[in-house]
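Scroll down for the structure; my scribbles are underneath it.
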Amino acid sequence: MWRSMVGLSWKVPKWIFESLSWGKSFKNNPLLGNSFLNRCGLHVIRVILAHLLFRFRLLLLSPLVSSEDRREFIRNGYLLKKNFLSQAEFQRLTKELIELKAPVREVIEGTTITQRVFMDSTERAKTPNFQRLYSHKGLDRLMRYCSSKNRPPLFYIENLCNHANVTPRPDPQRDLHADTFHPCVKAWLYIDDSSDTNGSFVYVPGSHRLTWRRLKWEYRQSLEACKKGADRAPGRYWDGSFRVSTQELAEMGFKAEKLSVPKNTLIIGNVYGFHCRGRALQKSHRMTVWMQARDNPFNPLFTPFPRSTALLFEWIWKKALMKIDSRKTEGGEQSNYFGTFNRAKSVMASKILESE
Ligand SMILES: [Fe+2]
């Protein structure tokens, strides 16, 4: 009794804090997953408020980018820029990333092995061409604007190994979904061409906008996500990244688009809009510089110190990653190694094959 009281006294403030910030899990947070509160509109109110504040911050940050970029991002939910770097810069960067020796985190999603390196200041110090990309003025301004947070994002290198010879696991990336309840961005600079062979990024243009139909869908989803026990359908996602069916998409008046792009293309997407990783038809690879910027959606303002705030976020995230690492590697969900990206066969694949 005393123990559970102590546990609760720690958990309740955490649940309240999450509800007032980026918390999204209907399963882990009983406030967000409370069916009475959601019937009264808790989820929908959070969605609306987060969107209003996002648009307010975008307005304040509008001098950072051109009016064409602003219009495109606000209309479609994503920006696409081909030939982003000069040919020479891109070739130097590609060579550097393929040869990079760094701590690689590897997970299996479906039959895909996803390898990632977190490009913090330590890794950047070893990679002058990547550091130049990190300091690229155009990229910096676009990311500070599109995220609405005025700070550079977290940077990763991501290498996908499609149709790897592994025991398949559930793949959360292949169904159309919104990442969370509020606007936030992810971005990719393609090191490989993307096509049906290695799986293009799929986005639903305009689905980032808060229409009346989308709001009604959000409300229905929130009630569904509150279900407990036997009512909770297996195979659904209760973490707040709602999946959307083709029929629901058509009812909302949307159509998915496959963004097959040549290498050296930059895509910045508002991942409140529906998106997914397109299917790869063949055994293949796809490498990208992957960027992510997610922050408290209810903070009406943004940092006046972009670089130092980015470094602080990077430091905090590195600590968090180390904790996540030990949990996931112990649970067998993730494998870590130091070395290059394996563009032929992954370490986890060989481990699994050895144990079979
Ligand atoms: Fe996503």
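Following the order of the structure tokens, first chain is A, next is B, and so on, with residues numbered from 1 inside each chain and ligands from 1 in the order they appear.
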Residues within 10 Å of ligand 1, counting only C-alpha atoms and all ligand atoms, as a list in words: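 The residues within 10 Å of ligand 1, counting only C-alpha atoms and all ligand atoms, are Pro172, Gln173, Arg174, Asp175, Leu176, His177, Ala178, Asp179, Thr180, Val185, Lys186, Ser241, Phe242, Arg243, Gly269, Asn270, Val271, Tyr272, Gly273, Phe274, His275, Cys276 and Arg277 of chain A.
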Got a sec to tell me which of segment 79-318 of chain A DSSP assigns to alpha helix (DSSP H), as a PDB file with N, CA, C and O atoms, in the first residue's frame?
```pdb
ATOM      1  N   GLN A  87      27.692  18.728 -56.871  1.00  0.00           N
ATOM      2  CA  GLN A  87      28.098  17.367 -57.205  1.00  0.00           C
ATOM      3  C   GLN A  87      29.351  16.953 -56.425  1.00  0.00           C
ATOM      4  O   GLN A  87      29.415  15.843 -55.874  1.00  0.00           O
ATOM      5  N   ALA A  88      30.320  17.864 -56.374  1.00  0.00           N
ATOM      6  CA  ALA A  88      31.598  17.551 -55.705  1.00  0.00           C
ATOM      7  C   ALA A  88      31.373  17.348 -54.200  1.00  0.00           C
ATOM      8  O   ALA A  88      31.872  16.382 -53.611  1.00  0.00           O
ATOM      9  N   GLU A  89      30.586  18.237 -53.597  1.00  0.00           N
ATOM     10  CA  GLU A  89      30.304  18.126 -52.142  1.00  0.00           C
ATOM     11  C   GLU A  89      29.603  16.801 -51.833  1.00  0.00           C
ATOM     12  O   GLU A  89      29.923  16.122 -50.870  1.00  0.00           O
ATOM     13  N   PHE A  90      28.626  16.467 -52.694  1.00  0.00           N
ATOM     14  CA  PHE A  90      27.845  15.255 -52.453  1.00  0.00           C
ATOM     15  C   PHE A  90      28.717  14.008 -52.566  1.00  0.00           C
ATOM     16  O   PHE A  90      28.606  13.089 -51.757  1.00  0.00           O
ATOM     17  N   GLN A  91      29.587  13.991 -53.560  1.00  0.00           N
ATOM     18  CA  GLN A  91      30.460  12.815 -53.741  1.00  0.00           C
ATOM     19  C   GLN A  91      31.404  12.647 -52.550  1.00  0.00           C
ATOM     20  O   GLN A  91      31.626  11.534 -52.078  1.00  0.00           O
ATOM     21  N   ARG A  92      31.948  13.754 -52.071  1.00  0.00           N
ATOM     22  CA  ARG A  92      32.861  13.683 -50.904  1.00  0.00           C
ATOM     23  C   ARG A  92      32.109  13.165 -49.684  1.00  0.00           C
ATOM     24  O   ARG A  92      32.594  12.331 -48.938  1.00  0.00           O
ATOM     25  N   LEU A  93      30.873  13.673 -49.510  1.00  0.00           N
ATOM     26  CA  LEU A  93      30.065  13.255 -48.348  1.00  0.00           C
ATOM     27  C   LEU A  93      29.737  11.761 -48.433  1.00  0.00           C
ATOM     28  O   LEU A  93      29.867  11.016 -47.454  1.00  0.00           O
ATOM     29  N   THR A  94      29.328  11.307 -49.619  1.00  0.00           N
ATOM     30  CA  THR A  94      28.969   9.897 -49.810  1.00  0.00           C
ATOM     31  C   THR A  94      30.139   8.982 -49.452  1.00  0.00           C
ATOM     32  O   THR A  94      29.986   8.011 -48.712  1.00  0.00           O
ATOM     33  N   LYS A  95      31.316   9.317 -49.971  1.00  0.00           N
ATOM     34  CA  LYS A  95      32.516   8.498 -49.718  1.00  0.00           C
ATOM     35  C   LYS A  95      32.793   8.451 -48.206  1.00  0.00           C
ATOM     36  O   LYS A  95      33.049   7.389 -47.638  1.00  0.00           O
ATOM     37  N   GLU A  96      32.684   9.607 -47.583  1.00  0.00           N
ATOM     38  CA  GLU A  96      32.973   9.691 -46.145  1.00  0.00           C
ATOM     39  C   GLU A  96      32.000   8.835 -45.325  1.00  0.00           C
ATOM     40  O   GLU A  96      32.409   8.135 -44.399  1.00  0.00           O
ATOM     41  N   LEU A  97      30.720   8.861 -45.713  1.00  0.00           N
ATOM     42  CA  LEU A  97      29.719   8.121 -44.924  1.00  0.00           C
ATOM     43  C   LEU A  97      29.834   6.621 -45.144  1.00  0.00           C
ATOM     44  O   LEU A  97      29.651   5.836 -44.213  1.00  0.00           O
ATOM     45  N   ILE A  98      30.136   6.223 -46.358  1.00  0.00           N
ATOM     46  CA  ILE A  98      30.274   4.781 -46.623  1.00  0.00           C
ATOM     47  C   ILE A  98      31.501   4.215 -45.901  1.00  0.00           C
ATOM     48  O   ILE A  98      31.478   3.095 -45.405  1.00  0.00           O
ATOM     49  N   GLU A  99      32.542   5.043 -45.776  1.00  0.00           N
ATOM     50  CA  GLU A  99      33.770   4.564 -45.111  1.00  0.00           C
ATOM     51  C   GLU A  99      33.762   4.813 -43.597  1.00  0.00           C
ATOM     52  O   GLU A  99      34.672   4.368 -42.892  1.00  0.00           O
ATOM     53  N   SER A 121      28.421  15.599 -31.838  1.00  0.00           N
ATOM     54  CA  SER A 121      29.636  16.388 -32.085  1.00  0.00           C
ATOM     55  C   SER A 121      30.883  15.500 -32.159  1.00  0.00           C
ATOM     56  O   SER A 121      31.803  15.802 -32.906  1.00  0.00           O
ATOM     57  N   THR A 122      30.909  14.376 -31.427  1.00  0.00           N
ATOM     58  CA  THR A 122      32.079  13.480 -31.475  1.00  0.00           C
ATOM     59  C   THR A 122      32.224  12.890 -32.876  1.00  0.00           C
ATOM     60  O   THR A 122      33.317  12.853 -33.431  1.00  0.00           O
ATOM     61  N   GLU A 123      31.117  12.424 -33.452  1.00  0.00           N
ATOM     62  CA  GLU A 123      31.186  11.840 -34.798  1.00  0.00           C
ATOM     63  C   GLU A 123      31.464  12.920 -35.842  1.00  0.00           C
ATOM     64  O   GLU A 123      32.186  12.678 -36.813  1.00  0.00           O
ATOM     65  N   ARG A 124      30.895  14.082 -35.624  1.00  0.00           N
ATOM     66  CA  ARG A 124      31.093  15.167 -36.605  1.00  0.00           C
ATOM     67  C   ARG A 124      32.553  15.608 -36.665  1.00  0.00           C
ATOM     68  O   ARG A 124      33.056  16.002 -37.710  1.00  0.00           O
ATOM     69  N   ALA A 125      33.227  15.526 -35.502  1.00  0.00           N
ATOM     70  CA  ALA A 125      34.640  15.932 -35.465  1.00  0.00           C
ATOM     71  C   ALA A 125      35.495  15.027 -36.360  1.00  0.00           C
ATOM     72  O   ALA A 125      36.536  15.440 -36.848  1.00  0.00           O
ATOM     73  N   LYS A 126      35.000  13.780 -36.588  1.00  0.00           N
ATOM     74  CA  LYS A 126      35.771  12.834 -37.420  1.00  0.00           C
ATOM     75  C   LYS A 126      35.385  12.940 -38.903  1.00  0.00           C
ATOM     76  O   LYS A 126      35.972  12.269 -39.731  1.00  0.00           O
ATOM     77  N   PRO A 128      34.703  15.713 -41.617  1.00  0.00           N
ATOM     78  CA  PRO A 128      34.655  17.127 -42.042  1.00  0.00           C
ATOM     79  C   PRO A 128      33.575  17.424 -43.088  1.00  0.00           C
ATOM     80  O   PRO A 128      32.972  18.501 -43.056  1.00  0.00           O
ATOM     81  N   ASN A 129      33.312  16.466 -43.990  1.00  0.00           N
ATOM     82  CA  ASN A 129      32.290  16.732 -45.017  1.00  0.00           C
ATOM     83  C   ASN A 129      30.892  16.732 -44.416  1.00  0.00           C
ATOM     84  O   ASN A 129      30.026  17.511 -44.802  1.00  0.00           O
ATOM     85  N   PHE A 130      30.692  15.841 -43.422  1.00  0.00           N
ATOM     86  CA  PHE A 130      29.402  15.843 -42.730  1.00  0.00           C
ATOM     87  C   PHE A 130      29.242  17.131 -41.919  1.00  0.00           C
ATOM     88  O   PHE A 130      28.168  17.724 -41.872  1.00  0.00           O
ATOM     89  N   GLN A 131      30.328  17.558 -41.286  1.00  0.00           N
ATOM     90  CA  GLN A 131      30.286  18.798 -40.496  1.00  0.00           C
ATOM     91  C   GLN A 131      29.884  19.973 -41.383  1.00  0.00           C
ATOM     92  O   GLN A 131      29.126  20.842 -40.973  1.00  0.00           O
ATOM     93  N   ARG A 132      30.360  19.940 -42.641  1.00  0.00           N
ATOM     94  CA  ARG A 132      29.981  21.014 -43.573  1.00  0.00           C
ATOM     95  C   ARG A 132      28.481  20.976 -43.860  1.00  0.00           C
ATOM     96  O   ARG A 132      27.824  21.997 -43.955  1.00  0.00           O
ATOM     97  N   LEU A 133      27.936  19.749 -43.964  1.00  0.00           N
ATOM     98  CA  LEU A 133      26.488  19.634 -44.176  1.00  0.00           C
ATOM     99  C   LEU A 133      25.741  20.154 -42.934  1.00  0.00           C
ATOM    100  O   LEU A 133      24.752  20.881 -43.048  1.00  0.00           O
ATOM    101  N   TYR A 134      26.235  19.787 -41.756  1.00  0.00           N
ATOM    102  CA  TYR A 134      25.619  20.236 -40.497  1.00  0.00           C
ATOM    103  C   TYR A 134      25.567  21.773 -40.447  1.00  0.00           C
ATOM    104  O   TYR A 134      24.612  22.360 -39.962  1.00  0.00           O
ATOM    105  N   LYS A 137      24.172  26.539 -44.488  1.00  0.00           N
ATOM    106  CA  LYS A 137      23.269  27.635 -44.123  1.00  0.00           C
ATOM    107  C   LYS A 137      21.829  27.389 -44.592  1.00  0.00           C
ATOM    108  O   LYS A 137      20.871  27.607 -43.852  1.00  0.00           O
ATOM    109  N   GLY A 138      21.708  26.903 -45.843  1.00  0.00           N
ATOM    110  CA  GLY A 138      20.363  26.672 -46.400  1.00  0.00           C
ATOM    111  C   GLY A 138      19.617  25.608 -45.614  1.00  0.00           C
ATOM    112  O   GLY A 138      18.439  25.773 -45.272  1.00  0.00           O
ATOM    113  N   LEU A 139      20.312  24.507 -45.315  1.00  0.00           N
ATOM    114  CA  LEU A 139      19.681  23.415 -44.560  1.00  0.00           C
ATOM    115  C   LEU A 139      19.306  23.894 -43.151  1.00  0.00           C
ATOM    116  O   LEU A 139      18.205  23.629 -42.660  1.00  0.00           O
ATOM    117  N   ASP A 140      20.221  24.627 -42.548  1.00  0.00           N
ATOM    118  CA  ASP A 140      20.000  25.127 -41.195  1.00  0.00           C
ATOM    119  C   ASP A 140      18.732  25.994 -41.130  1.00  0.00           C
ATOM    120  O   ASP A 140      17.873  25.803 -40.271  1.00  0.00           O
ATOM    121  N   ARG A 141      18.609  26.896 -42.085  1.00  0.00           N
ATOM    122  CA  ARG A 141      17.444  27.798 -42.082  1.00  0.00           C
ATOM    123  C   ARG A 141      16.147  27.030 -42.340  1.00  0.00           C
ATOM    124  O   ARG A 141      15.133  27.275 -41.691  1.00  0.00           O
ATOM    125  N   LEU A 142      16.201  26.091 -43.292  1.00  0.00           N
ATOM    126  CA  LEU A 142      14.997  25.308 -43.598  1.00  0.00           C
ATOM    127  C   LEU A 142      14.550  24.500 -42.386  1.00  0.00           C
ATOM    128  O   LEU A 142      13.362  24.452 -42.051  1.00  0.00           O
ATOM    129  N   MET A 143      15.506  23.851 -41.709  1.00  0.00           N
ATOM    130  CA  MET A 143      15.148  23.010 -40.568  1.00  0.00           C
ATOM    131  C   MET A 143      14.666  23.843 -39.389  1.00  0.00           C
ATOM    132  O   MET A 143      13.738  23.451 -38.682  1.00  0.00           O
ATOM    133  N   ARG A 144      15.295  24.992 -39.189  1.00  0.00           N
ATOM    134  CA  ARG A 144      14.854  25.850 -38.070  1.00  0.00           C
ATOM    135  C   ARG A 144      13.435  26.356 -38.315  1.00  0.00           C
ATOM    136  O   ARG A 144      12.627  26.462 -37.388  1.00  0.00           O
ATOM    137  N   TYR A 145      13.116  26.652 -39.578  1.00  0.00           N
ATOM    138  CA  TYR A 145      11.765  27.125 -39.894  1.00  0.00           C
ATOM    139  C   TYR A 145      10.749  25.983 -39.826  1.00  0.00           C
ATOM    140  O   TYR A 145       9.752  26.064 -39.106  1.00  0.00           O
ATOM    141  N   CYS A 146      11.022  24.899 -40.581  1.00  0.00           N
ATOM    142  CA  CYS A 146      10.012  23.838 -40.710  1.00  0.00           C
ATOM    143  C   CYS A 146       9.702  23.172 -39.359  1.00  0.00           C
ATOM    144  O   CYS A 146       8.576  22.758 -39.120  1.00  0.00           O
ATOM    145  N   TRP A 212     -11.848  19.509 -40.863  1.00  0.00           N
ATOM    146  CA  TRP A 212     -12.941  19.031 -40.000  1.00  0.00           C
ATOM    147  C   TRP A 212     -12.998  17.494 -40.017  1.00  0.00           C
ATOM    148  O   TRP A 212     -13.145  16.840 -38.997  1.00  0.00           O
ATOM    149  N   ARG A 213     -12.803  16.915 -41.249  1.00  0.00           N
ATOM    150  CA  ARG A 213     -12.827  15.448 -41.360  1.00  0.00           C
ATOM    151  C   ARG A 213     -11.667  14.824 -40.581  1.00  0.00           C
ATOM    152  O   ARG A 213     -11.815  13.780 -39.956  1.00  0.00           O
ATOM    153  N   ARG A 214     -10.510  15.467 -40.636  1.00  0.00           N
ATOM    154  CA  ARG A 214      -9.347  14.930 -39.910  1.00  0.00           C
ATOM    155  C   ARG A 214      -9.617  14.985 -38.395  1.00  0.00           C
ATOM    156  O   ARG A 214      -9.295  14.061 -37.653  1.00  0.00           O
ATOM    157  N   LEU A 215     -10.216  16.099 -37.965  1.00  0.00           N
ATOM    158  CA  LEU A 215     -10.504  16.233 -36.528  1.00  0.00           C
ATOM    159  C   LEU A 215     -11.478  15.156 -36.054  1.00  0.00           C
ATOM    160  O   LEU A 215     -11.313  14.578 -34.975  1.00  0.00           O
ATOM    161  N   LYS A 216     -12.496  14.892 -36.881  1.00  0.00           N
ATOM    162  CA  LYS A 216     -13.463  13.846 -36.508  1.00  0.00           C
ATOM    163  C   LYS A 216     -12.760  12.496 -36.438  1.00  0.00           C
ATOM    164  O   LYS A 216     -13.018  11.691 -35.544  1.00  0.00           O
ATOM    165  N   TRP A 217     -11.847  12.260 -37.384  1.00  0.00           N
ATOM    166  CA  TRP A 217     -11.061  11.007 -37.405  1.00  0.00           C
ATOM    167  C   TRP A 217     -10.198  10.915 -36.143  1.00  0.00           C
ATOM    168  O   TRP A 217     -10.117   9.866 -35.508  1.00  0.00           O
ATOM    169  N   GLU A 218      -9.562  12.035 -35.775  1.00  0.00           N
ATOM    170  CA  GLU A 218      -8.721  12.058 -34.570  1.00  0.00           C
ATOM    171  C   GLU A 218      -9.564  11.699 -33.339  1.00  0.00           C
ATOM    172  O   GLU A 218      -9.126  10.958 -32.466  1.00  0.00           O
ATOM    173  N   TYR A 219     -10.776  12.262 -33.277  1.00  0.00           N
ATOM    174  CA  TYR A 219     -11.645  12.009 -32.122  1.00  0.00           C
ATOM    175  C   TYR A 219     -11.994  10.528 -32.036  1.00  0.00           C
ATOM    176  O   TYR A 219     -11.875   9.901 -30.985  1.00  0.00           O
ATOM    177  N   ARG A 220     -12.379   9.946 -33.186  1.00  0.00           N
ATOM    178  CA  ARG A 220     -12.719   8.509 -33.207  1.00  0.00           C
ATOM    179  C   ARG A 220     -11.514   7.661 -32.814  1.00  0.00           C
ATOM    180  O   ARG A 220     -11.626   6.711 -32.043  1.00  0.00           O
ATOM    181  N   GLN A 221     -10.347   8.032 -33.330  1.00  0.00           N
ATOM    182  CA  GLN A 221      -9.129   7.273 -33.010  1.00  0.00           C
ATOM    183  C   GLN A 221      -8.821   7.339 -31.511  1.00  0.00           C
ATOM    184  O   GLN A 221      -8.401   6.366 -30.906  1.00  0.00           O
ATOM    185  N   SER A 222      -9.030   8.516 -30.924  1.00  0.00           N
ATOM    186  CA  SER A 222      -8.705   8.670 -29.501  1.00  0.00           C
ATOM    187  C   SER A 222      -9.620   7.783 -28.646  1.00  0.00           C
ATOM    188  O   SER A 222      -9.173   7.199 -27.659  1.00  0.00           O
ATOM    189  N   LEU A 223     -10.877   7.649 -29.042  1.00  0.00           N
ATOM    190  CA  LEU A 223     -11.803   6.790 -28.276  1.00  0.00           C
ATOM    191  C   LEU A 223     -11.413   5.321 -28.450  1.00  0.00           C
ATOM    192  O   LEU A 223     -11.453   4.532 -27.511  1.00  0.00           O
ATOM    193  N   GLU A 224     -10.997   4.987 -29.652  1.00  0.00           N
ATOM    194  CA  GLU A 224     -10.562   3.616 -29.953  1.00  0.00           C
ATOM    195  C   GLU A 224      -9.313   3.280 -29.125  1.00  0.00           C
ATOM    196  O   GLU A 224      -9.202   2.185 -28.550  1.00  0.00           O
ATOM    197  N   ALA A 225      -8.402   4.253 -29.060  1.00  0.00           N
ATOM    198  CA  ALA A 225      -7.113   4.016 -28.378  1.00  0.00           C
ATOM    199  C   ALA A 225      -7.273   3.896 -26.859  1.00  0.00           C
ATOM    200  O   ALA A 225      -6.367   3.436 -26.176  1.00  0.00           O
ATOM    201  N   THR A 246      -6.672   2.731 -46.074  1.00  0.00           N
ATOM    202  CA  THR A 246      -6.861   3.324 -47.410  1.00  0.00           C
ATOM    203  C   THR A 246      -8.267   3.912 -47.522  1.00  0.00           C
ATOM    204  O   THR A 246      -8.474   4.974 -48.100  1.00  0.00           O
ATOM    205  N   GLN A 247      -9.245   3.200 -46.907  1.00  0.00           N
ATOM    206  CA  GLN A 247     -10.626   3.688 -46.979  1.00  0.00           C
ATOM    207  C   GLN A 247     -10.790   5.009 -46.217  1.00  0.00           C
ATOM    208  O   GLN A 247     -11.393   5.963 -46.710  1.00  0.00           O
ATOM    209  N   GLU A 248     -10.203   5.060 -45.008  1.00  0.00           N
ATOM    210  CA  GLU A 248     -10.295   6.306 -44.220  1.00  0.00           C
ATOM    211  C   GLU A 248      -9.626   7.463 -44.950  1.00  0.00           C
ATOM    212  O   GLU A 248     -10.106   8.599 -44.920  1.00  0.00           O
ATOM    213  N   LEU A 249      -8.522   7.141 -45.617  1.00  0.00           N
ATOM    214  CA  LEU A 249      -7.784   8.162 -46.363  1.00  0.00           C
ATOM    215  C   LEU A 249      -8.670   8.731 -47.483  1.00  0.00           C
ATOM    216  O   LEU A 249      -8.749   9.947 -47.657  1.00  0.00           O
ATOM    217  N   ALA A 250      -9.341   7.820 -48.195  1.00  0.00           N
ATOM    218  CA  ALA A 250     -10.220   8.250 -49.293  1.00  0.00           C
ATOM    219  C   ALA A 250     -11.386   9.078 -48.730  1.00  0.00           C
ATOM    220  O   ALA A 250     -11.772  10.099 -49.309  1.00  0.00           O
ATOM    221  N   GLU A 251     -11.933   8.661 -47.573  1.00  0.00           N
ATOM    222  CA  GLU A 251     -13.044   9.412 -46.958  1.00  0.00           C
ATOM    223  C   GLU A 251     -12.624  10.829 -46.569  1.00  0.00           C
ATOM    224  O   GLU A 251     -13.428  11.747 -46.587  1.00  0.00           O
ATOM    225  N   PRO A 306      19.962  29.093 -31.309  1.00  0.00           N
ATOM    226  CA  PRO A 306      19.808  27.825 -32.046  1.00  0.00           C
ATOM    227  C   PRO A 306      20.923  26.825 -31.791  1.00  0.00           C
ATOM    228  O   PRO A 306      20.652  25.667 -31.464  1.00  0.00           O
ATOM    229  N   ARG A 307      22.193  27.240 -31.957  1.00  0.00           N
ATOM    230  CA  ARG A 307      23.302  26.284 -31.889  1.00  0.00           C
ATOM    231  C   ARG A 307      23.480  25.689 -30.498  1.00  0.00           C
ATOM    232  O   ARG A 307      23.592  24.477 -30.335  1.00  0.00           O
ATOM    233  N   SER A 308      23.509  26.562 -29.472  1.00  0.00           N
ATOM    234  CA  SER A 308      23.761  26.035 -28.122  1.00  0.00           C
ATOM    235  C   SER A 308      22.582  25.170 -27.660  1.00  0.00           C
ATOM    236  O   SER A 308      22.768  24.152 -26.987  1.00  0.00           O
ATOM    237  N   THR A 309      21.353  25.536 -28.055  1.00  0.00           N
ATOM    238  CA  THR A 309      20.204  24.707 -27.673  1.00  0.00           C
ATOM    239  C   THR A 309      20.293  23.344 -28.364  1.00  0.00           C
ATOM    240  O   THR A 309      20.010  22.310 -27.754  1.00  0.00           O
ATOM    241  N   ALA A 310      20.741  23.362 -29.653  1.00  0.00           N
ATOM    242  CA  ALA A 310      20.872  22.086 -30.376  1.00  0.00           C
ATOM    243  C   ALA A 310      21.901  21.193 -29.685  1.00  0.00           C
ATOM    244  O   ALA A 310      21.693  19.987 -29.553  1.00  0.00           O
ATOM    245  N   LEU A 311      23.000  21.786 -29.235  1.00  0.00           N
ATOM    246  CA  LEU A 311      24.043  20.993 -28.561  1.00  0.00           C
ATOM    247  C   LEU A 311      23.521  20.426 -27.242  1.00  0.00           C
ATOM    248  O   LEU A 311      23.825  19.292 -26.871  1.00  0.00           O
ATOM    249  N   LEU A 312      22.714  21.224 -26.545  1.00  0.00           N
ATOM    250  CA  LEU A 312      22.130  20.745 -25.280  1.00  0.00           C
ATOM    251  C   LEU A 312      21.185  19.562 -25.545  1.00  0.00           C
ATOM    252  O   LEU A 312      21.246  18.530 -24.867  1.00  0.00           O
ATOM    253  N   PHE A 313      20.338  19.694 -26.563  1.00  0.00           N
ATOM    254  CA  PHE A 313      19.414  18.601 -26.923  1.00  0.00           C
ATOM    255  C   PHE A 313      20.191  17.347 -27.294  1.00  0.00           C
ATOM    256  O   PHE A 313      19.827  16.237 -26.927  1.00  0.00           O
ATOM    257  N   GLU A 314      21.282  17.575 -28.035  1.00  0.00           N
ATOM    258  CA  GLU A 314      22.120  16.462 -28.479  1.00  0.00           C
ATOM    259  C   GLU A 314      22.713  15.725 -27.280  1.00  0.00           C
ATOM    260  O   GLU A 314      22.728  14.499 -27.236  1.00  0.00           O
ATOM    261  N   TRP A 315      23.180  16.483 -26.287  1.00  0.00           N
ATOM    262  CA  TRP A 315      23.788  15.910 -25.082  1.00  0.00           C
ATOM    263  C   TRP A 315      22.741  15.107 -24.296  1.00  0.00           C
ATOM    264  O   TRP A 315      22.989  13.978 -23.888  1.00  0.00           O
ATOM    265  N   ILE A 316      21.551  15.707 -24.144  1.00  0.00           N
ATOM    266  CA  ILE A 316      20.479  15.015 -23.401  1.00  0.00           C
ATOM    267  C   ILE A 316      20.076  13.744 -24.140  1.00  0.00           C
ATOM    268  O   ILE A 316      19.912  12.673 -23.543  1.00  0.00           O
ATOM    269  N   TRP A 317      19.937  13.839 -25.461  1.00  0.00           N
ATOM    270  CA  TRP A 317      19.479  12.694 -26.242  1.00  0.00           C
ATOM    271  C   TRP A 317      20.514  11.568 -26.234  1.00  0.00           C
ATOM    272  O   TRP A 317      20.176  10.393 -26.200  1.00  0.00           O
ATOM    273  N   LYS A 318      21.804  11.949 -26.213  1.00  0.00           N
ATOM    274  CA  LYS A 318      22.855  10.936 -26.185  1.00  0.00           C
ATOM    275  C   LYS A 318      22.757  10.118 -24.890  1.00  0.00           C
ATOM    276  O   LYS A 318      22.876   8.892 -24.897  1.00  0.00           O
TER     277      LYS A 318
END
```
### Message
List as number ranges by chain the protein and nucleic acid residues near Asn28 of chain A, meaning an atom at most 9 Å away when only C-alpha atoms are counted, but skip any in the same chain fewer than 6 places from it.
### Response
A: 15, 238-239
Of A:Lys149, A:Lys27, A:Lys82, A:His182, the one sitting nearest Leu61 of chain A when using only C-alpha atoms is A:Lys149
Computed gap from atom CA of Leu160 of chain A to atom CA of Asn76 of chain A is 26.2 Å
- Message: as a list in words, please: the residues near Leu58 of chain A (cut-off 10 Å, only C-alpha atoms, same-chain neighbours under 3 positions excluded).
- Response: Leu52, Leu53, Phe54, Arg55, Leu61, Ser62, Pro63, Leu64, Arg70, Ile74, Arg144, Tyr145, Cys146, Ser147, Ser148, Lys149 and Asn150 of chain A
With only C-alpha atoms counted and 12 Å as the cut-off, give the residues of segment 275-299 of chain A in contact with segment 327-341 of chain A, each with its shortest interatomic distance in Å and the pair that gives it, as a tab-separated table.
```
residue	atom	partner	partner_atom	distance
A:His285	CA	A:Phe341	CA	10.5
A:Arg286	CA	A:Phe341	CA	11.2
A:Met287	CA	A:Phe341	CA	9.5
A:Thr288	CA	A:Phe341	CA	11.9
```
The residue from A:Pro13, A:Pro168, A:Gly206, A:Gly199 with the smallest atom-to-atom distance to Ser260 of chain A, counting only C-alpha atoms, is A:Gly199
List the spatial neighbours of Pro170 of chain A as an mmCIF file with all heavy atoms, in the first residue's frame - criterion: any atom at most 9 Å away, only C-alpha atoms, same-chain residues fewer than 3 positions off excluded.
```cif
data_model
loop_
_atom_site.group_PDB
_atom_site.id
_atom_site.type_symbol
_atom_site.label_atom_id
_atom_site.label_comp_id
_atom_site.auth_asym_id
_atom_site.auth_seq_id
_atom_site.Cartn_x
_atom_site.Cartn_y
_atom_site.Cartn_z
ATOM 1 N N ILE A 108 15.649 -4.735 -36.408
ATOM 2 C CA ILE A 108 14.917 -5.376 -37.509
ATOM 3 C C ILE A 108 13.486 -4.857 -37.505
ATOM 4 O O ILE A 108 12.816 -4.867 -36.467
ATOM 5 C CB ILE A 108 14.916 -6.906 -37.354
ATOM 6 C CG1 ILE A 108 16.355 -7.438 -37.433
ATOM 7 C CG2 ILE A 108 14.067 -7.564 -38.451
ATOM 8 C CD1 ILE A 108 16.465 -8.931 -37.177
ATOM 9 N N GLU A 109 13.030 -4.386 -38.665
ATOM 10 C CA GLU A 109 11.633 -3.960 -38.834
ATOM 11 C C GLU A 109 11.110 -4.699 -40.063
ATOM 12 O O GLU A 109 11.579 -4.443 -41.168
ATOM 13 C CB GLU A 109 11.565 -2.443 -39.032
ATOM 14 C CG GLU A 109 11.984 -1.665 -37.794
ATOM 15 C CD GLU A 109 12.201 -0.180 -38.050
ATOM 16 O OE1 GLU A 109 12.863 0.176 -39.030
ATOM 17 O OE2 GLU A 109 11.717 0.624 -37.250
ATOM 18 N N GLY A 110 10.187 -5.624 -39.852
ATOM 19 C CA GLY A 110 9.742 -6.480 -40.966
ATOM 20 C C GLY A 110 10.907 -7.349 -41.398
ATOM 21 O O GLY A 110 11.532 -8.024 -40.574
ATOM 22 N N THR A 111 11.258 -7.263 -42.685
ATOM 23 C CA THR A 111 12.448 -7.990 -43.156
ATOM 24 C C THR A 111 13.575 -6.995 -43.456
ATOM 25 O O THR A 111 14.523 -7.310 -44.159
ATOM 26 C CB THR A 111 12.141 -8.797 -44.432
ATOM 27 O OG1 THR A 111 11.594 -7.897 -45.398
ATOM 28 C CG2 THR A 111 11.166 -9.926 -44.164
#
```
In segment 70-243 of chain A, DSSP strand (DSSP E or B) residues written as JSON, numbers by chain: {"A": [78, 79, 80, 81, 102, 103, 104, 105, 106, 107, 108, 109, 110, 112, 113, 114, 115, 116, 117, 118, 154, 155, 156, 157, 158, 159, 160, 161, 162, 169, 177, 185, 186, 187, 188, 189, 190, 201, 202, 203, 243]}
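One distance worth recording is that between atom CA of Gly253 of chain A and atom CA of Leu42 of chain A, which is 25.3 Å.
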